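Here's the structure we're looking at; comments come further down.
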Amino acid sequence: MSALSFLIIYFITPAFIKFLNKKGKVVKDYHKPGMPNVPRPAGPVLLIGIVISEILLYFLILDVKIISVLLTTIIAFIIGYIDDLKTMPGWFKPTTLILAAVPIVILGSHGNYLGLIFDNAFIPILYIPLILSIIPIVGNTINSIDVFNGVATGFVIITMIPLLVSAIVFGNNNVLLMALPLLFGSIALYQYHKFPSKIFLGDSGTLLLGSMYASLLIAGNSEIIGVIALLPAVMNSFLFLSSVKKIVEHREIKTRPVTICSDFRLMASKDNSAPATLVRLILAKGPLTEREIITRIFILATFSSILAFISIAIQYLFMMGKISL
Amino acid sequence: MRLFGLFMLIFIMWIMIMIVSYFLVFIIGPLHISLFNNTTDRLISSIVKATLAIGLVVVLILLLGNLKTKYLQKTLQRN
């Protein structure tokens, strides 16, 4: 199924890029000389590959969790696609993404225990609001990190590895199978999204990636592991929110967190009113090229994924009773 | 190394998550309140536990906010 997801996305995307170019659905890439037009969004291609793979998987293993993950992914995609077509206000994505969490709650794909590394906490009632907040938070977190070529897909590929390892270690084989189409779909799309991008994800693509990632975390009881793996992205959205003090679209921000130098390197804004983002933190020590920033974001994602692996090992040792406090 | 400060920031965040997890499992989890010696006690215990857990997460978020503000100010001032 994962190979199918990879092949569909890998072979459909070039035709979809031509289609978007023909229809004039392009946006400027402001970080490059000449500001070339790049087609957008790639969300529909990603959706097709993942939906076909997951539906086939459902007929093979008949697990209702697949339906709930798929519905969550489709709803998130629709919300993102609306935002791609028409610029919506800042509150739109976080609030409407709560709807995307509903299939997980209704179809009961969540457990009653929250994995807290050292043990599980039985929280049947508290778990529902937690699910309703996890999907919008992770969806928007992946959305907010998609600021440079290939970052969102590359980031999801790196941070998917701890999620898969967690599923293997704790015996969630179905979650592992459900996650593979997302991983291989992202790998296929990364070939076109990486620097220099031939296509941009758009909100439909990033919300799809983030919401599916979040629903897999819930289905696999790996919420804390996921939060640890996503720490650089969580930090980015958290930094942005706490400095701006309200939920707004990036384009609504008056003071940009970074500025572009004449040689197209990027520089952190010295303006105190500029939002504190992860990229601004990376650039705080001096200007960098877009490619250098992307590499640094991936290094940070790898570091947080290593911490997630350590957390999985600690959780496993506690679960097996090898260590206790 | 350019990313050392950010590595440390992420590492401290991870340590804080682990500490909160520890508190939730070993301190708040086993908490039991006996007031009426009937089923009401279980409900009261659950409410107290949930409140403490939410409070702890809020404290974590505030601490993280404080941490990143200090880091950002320090780094921007230095460069």
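Residue numbering restarts at 1 in every chain; chains get A, B, ... in the order shown in the structure tokens, and ligands count up from 1 in that same order.
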Q: Give me, as an MDAnalysis selection string, the contact residues of chain B against chain A at a cut-off of 6 Å, counting only C-alpha atoms.
A: chainID B and resid 21 76 79
Residues from the last selection, N, CA and C atoms, saved as a PDB file, in the first residue's frame:
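Saved the output as out.pdb:
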ATOM      1  N   SER B  21       5.455  14.611  32.882  1.00  0.00           N
ATOM      2  CA  SER B  21       4.957  13.236  32.769  1.00  0.00           C
ATOM      3  C   SER B  21       5.172  12.486  34.091  1.00  0.00           C
ATOM      4  N   LEU B  76      19.341  37.729  20.190  1.00  0.00           N
ATOM      5  CA  LEU B  76      19.237  38.900  19.314  1.00  0.00           C
ATOM      6  C   LEU B  76      20.131  40.032  19.799  1.00  0.00           C
ATOM      7  N   ASN B  79      23.893  39.397  18.977  1.00  0.00           N
ATOM      8  CA  ASN B  79      24.298  39.481  17.564  1.00  0.00           C
ATOM      9  C   ASN B  79      23.824  40.772  16.915  1.00  0.00           C
TER      10      ASN B  79
END
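With only C-alpha atoms taken into account, the protein and nucleic acid residues at most 10 Å from Val279 (chain A) (excluding it and anything under 5 positions from it in its own chain) are A:Ile145, A:Val147, A:Phe148, A:Asn236, A:Pro257, A:Val258, A:Leu266, A:Met267, A:Ala268, A:Ala284, A:Ile293, A:Ile294, A:Arg296, A:Ile297.
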Generate a file of the selected residues that holds N, CA and C atoms, formatted as a PDB file, in the first residue's frame.
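After the write, again.pdb holds the following:
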ATOM      1  N   ILE A 145       5.062  25.629   9.755  1.00  0.00           N
ATOM      2  CA  ILE A 145       6.487  25.378   9.482  1.00  0.00           C
ATOM      3  C   ILE A 145       6.784  25.372   7.975  1.00  0.00           C
ATOM      4  N   VAL A 147       7.407  27.185   5.496  1.00  0.00           N
ATOM      5  CA  VAL A 147       7.775  28.526   5.052  1.00  0.00           C
ATOM      6  C   VAL A 147       8.824  28.525   3.937  1.00  0.00           C
ATOM      7  N   PHE A 148       9.500  27.386   3.757  1.00  0.00           N
ATOM      8  CA  PHE A 148      10.523  27.287   2.701  1.00  0.00           C
ATOM      9  C   PHE A 148      10.337  26.003   1.894  1.00  0.00           C
ATOM     10  N   ASN A 236       7.953  26.614  16.950  1.00  0.00           N
ATOM     11  CA  ASN A 236       7.712  27.651  15.943  1.00  0.00           C
ATOM     12  C   ASN A 236       6.313  28.256  16.089  1.00  0.00           C
ATOM     13  N   PRO A 257       9.055  38.713  10.225  1.00  0.00           N
ATOM     14  CA  PRO A 257      10.104  38.232  11.144  1.00  0.00           C
ATOM     15  C   PRO A 257      11.484  38.171  10.491  1.00  0.00           C
ATOM     16  N   VAL A 258      11.505  37.999   9.150  1.00  0.00           N
ATOM     17  CA  VAL A 258      12.792  37.986   8.447  1.00  0.00           C
ATOM     18  C   VAL A 258      12.731  38.917   7.243  1.00  0.00           C
ATOM     19  N   LEU A 266      18.675  35.474   3.788  1.00  0.00           N
ATOM     20  CA  LEU A 266      17.635  35.973   4.698  1.00  0.00           C
ATOM     21  C   LEU A 266      18.256  36.409   6.014  1.00  0.00           C
ATOM     22  N   MET A 267      17.658  37.444   6.610  1.00  0.00           N
ATOM     23  CA  MET A 267      18.219  38.044   7.811  1.00  0.00           C
ATOM     24  C   MET A 267      17.097  38.214   8.853  1.00  0.00           C
ATOM     25  N   ALA A 268      17.421  37.985  10.125  1.00  0.00           N
ATOM     26  CA  ALA A 268      16.420  38.153  11.188  1.00  0.00           C
ATOM     27  C   ALA A 268      16.080  39.626  11.359  1.00  0.00           C
ATOM     28  N   ALA A 284      19.116  34.461  13.976  1.00  0.00           N
ATOM     29  CA  ALA A 284      19.525  35.464  14.964  1.00  0.00           C
ATOM     30  C   ALA A 284      21.039  35.666  14.982  1.00  0.00           C
ATOM     31  N   ILE A 293      18.976  27.431   5.631  1.00  0.00           N
ATOM     32  CA  ILE A 293      17.923  27.433   6.665  1.00  0.00           C
ATOM     33  C   ILE A 293      17.189  26.091   6.647  1.00  0.00           C
ATOM     34  N   ILE A 294      16.857  25.614   5.438  1.00  0.00           N
ATOM     35  CA  ILE A 294      16.140  24.332   5.302  1.00  0.00           C
ATOM     36  C   ILE A 294      16.946  23.210   5.954  1.00  0.00           C
ATOM     37  N   ARG A 296      19.133  23.432   8.317  1.00  0.00           N
ATOM     38  CA  ARG A 296      19.128  23.598   9.774  1.00  0.00           C
ATOM     39  C   ARG A 296      17.803  23.149  10.389  1.00  0.00           C
ATOM     40  N   ILE A 297      16.696  23.410   9.700  1.00  0.00           N
ATOM     41  CA  ILE A 297      15.391  22.956  10.223  1.00  0.00           C
ATOM     42  C   ILE A 297      15.370  21.422  10.260  1.00  0.00           C
TER      43      ILE A 297
END
Q: Quick one: pick out all strand (DSSP E or B) residues within region 17-139 of chain A from a backbone DSSP run and write them as an MDAnalysis selection string.
A: chainID A and resid 26:28 37:39 113:115 120:122
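Ranking A:Leu85, A:Ile78, A:Ile67, A:Thr73 by their shortest atom-to-atom distance to Gly108 (chain A), with only C-alpha atoms included, puts A:Ile67 first.
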Q: List every residue of chain B that DSSP, applied to the backbone, labels as alpha helix (DSSP H), and write the result as a PyMOL selection string.
A: chain B and resi 4-22+40-78
Q. Which neighbours of Leu60 (chain B) fall inside 12 Å, counting only C-alpha atoms, when residues of the same chain fewer than 5 positions from it are skipped, and could you give them as a PyMOL selection string?
A. chain B and resi 12-21+23+53-55+65-67
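For the choices A:Thr153, A:Ser222, A:Ser166, A:Ser197, the atom-to-atom distance to Phe298 (chain A) is smallest for A:Thr153 when using only C-alpha atoms.
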Q | Pick from A:Asp271, A:Glu292, A:Glu54, A:Asp203, whichever lies nearest to Leu3 (chain B) using only C-alpha atoms | A | A:Glu292
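CA of Phe195 (chain A) lies 16.4 Å from CA of Ile158 (chain A).
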Q: Might you pull out every residue within 7 Å of region 56-66 of chain A, with only C-alpha atoms counted and same-chain residues fewer than 3 positions away left off, and present them as a ChimeraX atom specification?
A: /A:1,52-53,69-70,109,178,219
Q | Exercise: Thr159 (chain A) partners within 7 Å, only C-alpha atoms, chain neighbours under 6 positions left out, as a ChimeraX atom specification | A | /A:229-230,301,305
**Q.** 12 Å contact set for region 168-171 of chain A, only C-alpha atoms, chain neighbours under 2 positions out, as a ChimeraX atom specification
**A.** /A:115,161-166,173-177,179,220-222,309,311-317,319-320
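Between Pro30 (chain B) and the residues B:Phe11, B:Gln73, B:Arg42, B:Val57, the shortest atom-to-atom distance, using only C-alpha atoms, involves B:Arg42.
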